[in-house]
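A quick write-up on the structure given underneath.
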Amino acid sequence: MQYLVHSDTETLPVATVGQEMHQLVARLYPICRSITGEGVRQTLRILQEYIPLEIHEVPSGTPVFDWVVPKEWNIRDAYVRNEQGEKIIDFNACNLHILHYSLPVRKQLPLQELKKHLFSLPDQPQLIPYKTSYYKPDWGFCLADEQLQQLPEGQYEAVIDATLEDGSLTYGEFYLPGESAEEVLISCHVCHPSLCNDNLSGIAVATYLATALATKKNRYSYRFLFIPVTIGSITWLSRNEDKLANIKHGLVLTLLGDEAGFTYKRSREGKFEIDEVVEHVLQARQKQHQLIDFFPYGYDERQYCSPAFNLPVGCLMRSRHGEFPEYHTSADNLDFVKADCLEESLDVVKEVTTVLEQNRRYLNTNPKCEPQLGKRGLYDSIAGSGSNWKSWEMAMLWLLNLSDGRFTLLDISKRAGIPFHTISEVASVLEQHQLLEPFTLTS
Ligand code: ZN
């Protein structure tokens with residue numbers, strides 16, 4: 001661990017980026033988020049301390065394609081009291097205890113009636129489940145099954161001090177302009193309450209990626225969306241159809257803080273540049289990972305990849321949606337996500353953007369036979385680089401041969417069996433010597 005000298009007598013440990021990200025997760029963890037309401041606003045306001053996020057409000061009742069923006073749900077308190085007046089279920093102790101979007105309730109009822117509104121996980125008896133009822137009016141509480149099984153017969157008082165009224169749907173957007181109007185879309189959902197992997201991890205990775213990219217000059221423009229799942233992406237897409245043509249690459253970020261290896265779910269086409277780049281970055285790391293094809297379930301890639309849009313958007317995760325025991329339970333907590341894993345996820349996403357930024361097509365400006373490299377001082381550039389001479393020479397020859405506008409640097413790297421960063425570095429040297437020029441469709 002590094003130490004920062006704080007005073008003559010004291011040293012303080014310097015937090016790693018992963019630890020800072022975990023601190024952000026810990027700060028957001030207690031907030032009761034849902035698809036609408038104060039919890040989302042409070043979350044986005046905290047993110048505004050990191051990035052200049054614009055907060056949008058879309059009124060309840062607004063039609064968005066085949067859907068309608070729902071009423072806004074806010075909750076102040078909720079509990080179940082026994083005959084002795086003790087709170088045996090308390091929303092304030094854990095916000096997973098409430099069925100999200102519960103209608104307001106204040107009633108006395110016997111155990112058998114109450115049980116119709118209680119949800120538990122018999123197979124995981126110690127955990128509180130996360131459950132929602134967004135589009136079907138209902139009320140209820142979630143609790144550990146071992147507690148449910150021990151509730152004695154008797155009268156109970158159920159109180160839910162909540163409102164479901166006209167208001168708005170809230171989402172955050174940060175647009176970072178680059179040299180080109182072509183965009184990379186980064187999307188994460190902000191509607192889950194006290195669950196860390198799903199999706200405070202994705203929020204932390206997206207936020208730290210944004211702060212890192214904001215310090216650099218980028219070729220692409222980047223658009224970050226912090227939205228409630230499904231209805232948020234549907235709402236954003238319905239308000240921004242005119243911007244979609246600019247989206248050249250995109251990633252949904254979720255489940256990025258646990259210790260599992262990475263999983264990349266390809267875009268619907270499966271062959272977009274983002275698919276190739278993520279696959280390349282994961283393979284180059286030489287760690288266990290999974291590549292899976294698109295299927296129309298999961299997160300907001302379902303909307304981005306709907307047939308009318310078919311955007312080049314994949315989904316990066318570690319553990320897969322619904323396939324780990326902590327999923328949608330109280331065990332998806334601050335211990336389940338690790339600082340090191342968050343940082344590793346950030347590194348992978350940063351590497352993906354680095355490769356996207358550099359991965360372009362070039363034209364050889366001297367395509368009739370090989371140009372004479374010696375007279376241009378290219379061998380001096382190589383010698384001065386301290387890099388592997390043979391690898392650099394082969395990179396030059398491959399780049400000059402394949403730069404006819406058809407192949408990207410990633411294509412050339414794969415065909416030559418030379419690491420992408422070497423190909424990219426050599427391409428910029430050849431560009432400086434006017435042997436390559438960037439190729440665009442209008443060239
Ligand atoms: Zn979820």
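In the structure tokens, each chain is lettered A, B, ... as it comes, each chain's residues begin at 1, and ligands are numbered from 1 in order of appearance.
Every protein or nucleic acid residue with an atom no more than 7 Å from Val426 (chain A), counting only C-alpha atoms and leaving out same-chain residues fewer than 6 positions away, appears here: A:Trp392, A:Ala395, A:Met396.
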Put those residues in a file: N, CA, C and O atoms, as a PDB file, in the first residue's frame.
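The file below, result.pdb, is the result:
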```pdb
ATOM      1  N   TRP A 392       8.455  -4.825 -34.337  1.00  0.00           N
ATOM      2  CA  TRP A 392       8.151  -3.529 -34.949  1.00  0.00           C
ATOM      3  C   TRP A 392       8.283  -3.578 -36.471  1.00  0.00           C
ATOM      4  O   TRP A 392       7.471  -3.035 -37.193  1.00  0.00           O
ATOM      5  N   ALA A 395       5.368  -5.387 -37.781  1.00  0.00           N
ATOM      6  CA  ALA A 395       4.166  -4.554 -37.652  1.00  0.00           C
ATOM      7  C   ALA A 395       4.118  -3.531 -38.792  1.00  0.00           C
ATOM      8  O   ALA A 395       3.073  -3.300 -39.405  1.00  0.00           O
ATOM      9  N   MET A 396       5.291  -2.933 -39.119  1.00  0.00           N
ATOM     10  CA  MET A 396       5.340  -1.959 -40.217  1.00  0.00           C
ATOM     11  C   MET A 396       4.929  -2.607 -41.538  1.00  0.00           C
ATOM     12  O   MET A 396       4.139  -2.061 -42.297  1.00  0.00           O
TER      13      MET A 396
END
```
Closest atom pairs, residues of chain A within 8 Å of ligand 1, only C-alpha atoms and all ligand atoms, as a Markdown table:
```
| residue | atom | partner | partner_atom_place_in_ligand_line | distance |
| --- | --- | --- | --- | --- |
| A:His192 | CA | ligand 1 | 1 (Zn) | 6.6 |
| A:Asp198 | CA | ligand 1 | 1 (Zn) | 5.5 |
| A:Asn199 | CA | ligand 1 | 1 (Zn) | 7.2 |
| A:His321 | CA | ligand 1 | 1 (Zn) | 7.4 |
| A:Gly322 | CA | ligand 1 | 1 (Zn) | 7.9 |
| A:Tyr327 | CA | ligand 1 | 1 (Zn) | 7.5 |
| A:His328 | CA | ligand 1 | 1 (Zn) | 6.1 |
```
With all heavy atoms retained, write the just-selected residues as a PDB file, in the first residue's frame.
```pdb
ATOM      1  N   HIS A 192     -32.385   0.041  -8.597  1.00  0.00           N
ATOM      2  CA  HIS A 192     -32.421  -0.998  -7.563  1.00  0.00           C
ATOM      3  C   HIS A 192     -32.045  -0.378  -6.220  1.00  0.00           C
ATOM      4  O   HIS A 192     -31.165   0.469  -6.158  1.00  0.00           O
ATOM      5  CB  HIS A 192     -31.443  -2.121  -7.904  1.00  0.00           C
ATOM      6  CG  HIS A 192     -31.909  -3.034  -9.003  1.00  0.00           C
ATOM      7  ND1 HIS A 192     -32.630  -2.595 -10.090  1.00  0.00           N
ATOM      8  CD2 HIS A 192     -31.744  -4.374  -9.177  1.00  0.00           C
ATOM      9  CE1 HIS A 192     -32.886  -3.633 -10.875  1.00  0.00           C
ATOM     10  NE2 HIS A 192     -32.366  -4.723 -10.345  1.00  0.00           N
ATOM     11  N   ASP A 198     -25.841  -5.445  -8.272  1.00  0.00           N
ATOM     12  CA  ASP A 198     -26.935  -5.107  -9.198  1.00  0.00           C
ATOM     13  C   ASP A 198     -27.662  -3.862  -8.647  1.00  0.00           C
ATOM     14  O   ASP A 198     -28.658  -4.023  -7.953  1.00  0.00           O
ATOM     15  CB  ASP A 198     -27.862  -6.319  -9.306  1.00  0.00           C
ATOM     16  CG  ASP A 198     -28.994  -6.114 -10.284  1.00  0.00           C
ATOM     17  OD1 ASP A 198     -28.951  -5.151 -11.048  1.00  0.00           O
ATOM     18  OD2 ASP A 198     -29.935  -6.924 -10.267  1.00  0.00           O
ATOM     19  N   ASN A 199     -27.213  -2.614  -8.890  1.00  0.00           N
ATOM     20  CA  ASN A 199     -26.234  -2.295  -9.867  1.00  0.00           C
ATOM     21  C   ASN A 199     -25.369  -1.120  -9.424  1.00  0.00           C
ATOM     22  O   ASN A 199     -24.949  -0.327 -10.222  1.00  0.00           O
ATOM     23  CB  ASN A 199     -26.928  -1.970 -11.203  1.00  0.00           C
ATOM     24  CG  ASN A 199     -25.920  -1.833 -12.314  1.00  0.00           C
ATOM     25  OD1 ASN A 199     -24.897  -2.485 -12.312  1.00  0.00           O
ATOM     26  ND2 ASN A 199     -26.176  -0.927 -13.218  1.00  0.00           N
ATOM     27  N   HIS A 321     -26.684 -12.227 -14.945  1.00  0.00           N
ATOM     28  CA  HIS A 321     -28.045 -11.906 -14.515  1.00  0.00           C
ATOM     29  C   HIS A 321     -28.807 -13.159 -14.051  1.00  0.00           C
ATOM     30  O   HIS A 321     -28.950 -14.115 -14.815  1.00  0.00           O
ATOM     31  CB  HIS A 321     -28.726 -11.288 -15.747  1.00  0.00           C
ATOM     32  CG  HIS A 321     -30.173 -11.055 -15.619  1.00  0.00           C
ATOM     33  ND1 HIS A 321     -31.104 -11.893 -16.181  1.00  0.00           N
ATOM     34  CD2 HIS A 321     -30.855 -10.085 -14.996  1.00  0.00           C
ATOM     35  CE1 HIS A 321     -32.305 -11.438 -15.916  1.00  0.00           C
ATOM     36  NE2 HIS A 321     -32.173 -10.337 -15.208  1.00  0.00           N
ATOM     37  N   GLY A 322     -29.227 -13.169 -12.783  1.00  0.00           N
ATOM     38  CA  GLY A 322     -30.062 -14.268 -12.287  1.00  0.00           C
ATOM     39  C   GLY A 322     -29.326 -15.561 -12.002  1.00  0.00           C
ATOM     40  O   GLY A 322     -29.943 -16.529 -11.583  1.00  0.00           O
ATOM     41  N   TYR A 327     -28.065 -13.000  -6.102  1.00  0.00           N
ATOM     42  CA  TYR A 327     -28.857 -12.171  -7.017  1.00  0.00           C
ATOM     43  C   TYR A 327     -30.218 -11.797  -6.409  1.00  0.00           C
ATOM     44  O   TYR A 327     -30.956 -12.661  -5.937  1.00  0.00           O
ATOM     45  CB  TYR A 327     -29.062 -12.946  -8.328  1.00  0.00           C
ATOM     46  CG  TYR A 327     -29.956 -12.251  -9.332  1.00  0.00           C
ATOM     47  CD1 TYR A 327     -29.479 -11.184 -10.090  1.00  0.00           C
ATOM     48  CD2 TYR A 327     -31.272 -12.648  -9.514  1.00  0.00           C
ATOM     49  CE1 TYR A 327     -30.288 -10.550 -11.010  1.00  0.00           C
ATOM     50  CE2 TYR A 327     -32.093 -12.022 -10.436  1.00  0.00           C
ATOM     51  CZ  TYR A 327     -31.602 -10.971 -11.181  1.00  0.00           C
ATOM     52  OH  TYR A 327     -32.404 -10.343 -12.087  1.00  0.00           O
ATOM     53  N   HIS A 328     -30.525 -10.505  -6.420  1.00  0.00           N
ATOM     54  CA  HIS A 328     -31.812  -9.992  -5.914  1.00  0.00           C
ATOM     55  C   HIS A 328     -32.124 -10.463  -4.489  1.00  0.00           C
ATOM     56  O   HIS A 328     -33.273 -10.778  -4.174  1.00  0.00           O
ATOM     57  CB  HIS A 328     -32.964 -10.354  -6.881  1.00  0.00           C
ATOM     58  CG  HIS A 328     -33.033  -9.412  -8.058  1.00  0.00           C
ATOM     59  ND1 HIS A 328     -34.096  -9.341  -8.913  1.00  0.00           N
ATOM     60  CD2 HIS A 328     -32.159  -8.478  -8.512  1.00  0.00           C
ATOM     61  CE1 HIS A 328     -33.881  -8.421  -9.850  1.00  0.00           C
ATOM     62  NE2 HIS A 328     -32.699  -7.892  -9.617  1.00  0.00           N
TER      63      HIS A 328
END
```
Using only C-alpha atoms for the distances, tell me which of A:Leu96, A:Ala339, A:Val190, A:Leu143 is nearest to Ser34 (chain A). A:Val190
Out of region 118-201 of chain A, which residues get strand (DSSP E) from DSSP, as number ranges by chain? A: 118-119, 141-142, 155-165, 168-176, 183-189
Straight-line distance linking CA of Val205 (chain A) with CA of Ser306 (chain A), stated in Å to one decimal: 25.1 Å
Please provide the set of residues having any atom within 9 Å of Leu291 (chain A), restricted to only C-alpha atoms, with same-chain residues fewer than 4 positions apart removed, written as JSON, numbers by chain. {"A": [262, 263, 264, 265, 266, 279]}
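Picture a line from CA of Val229 (chain A) to CA of Asp123 (chain A); it runs 26.9 Å.
The closest residue to Val25 (chain A), picked from A:Asp335, A:Glu57, A:Glu323, A:Asp161 and counting only C-alpha atoms, is A:Asp335.
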Polymer residues at most 6 Å from region 99-110 of chain A, only C-alpha atoms, same-chain spacing of 4 or more positions, as number ranges by chain: A: 131-134, 138-141, 154-162
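Candidate residues A:Leu399, A:Ile128, A:Leu244, A:Ile423 were compared for distance to Leu195 (chain A), and the nearest is A:Ile128, using only C-alpha atoms.
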Write out as a ChimeraX atom specification the residues lying within 9 Å of Met21 (chain A), counting only C-alpha atoms and excluding same-chain residues fewer than 4 positions away. /A:16-17,25-26,201,204-205,207-208,339,342-343
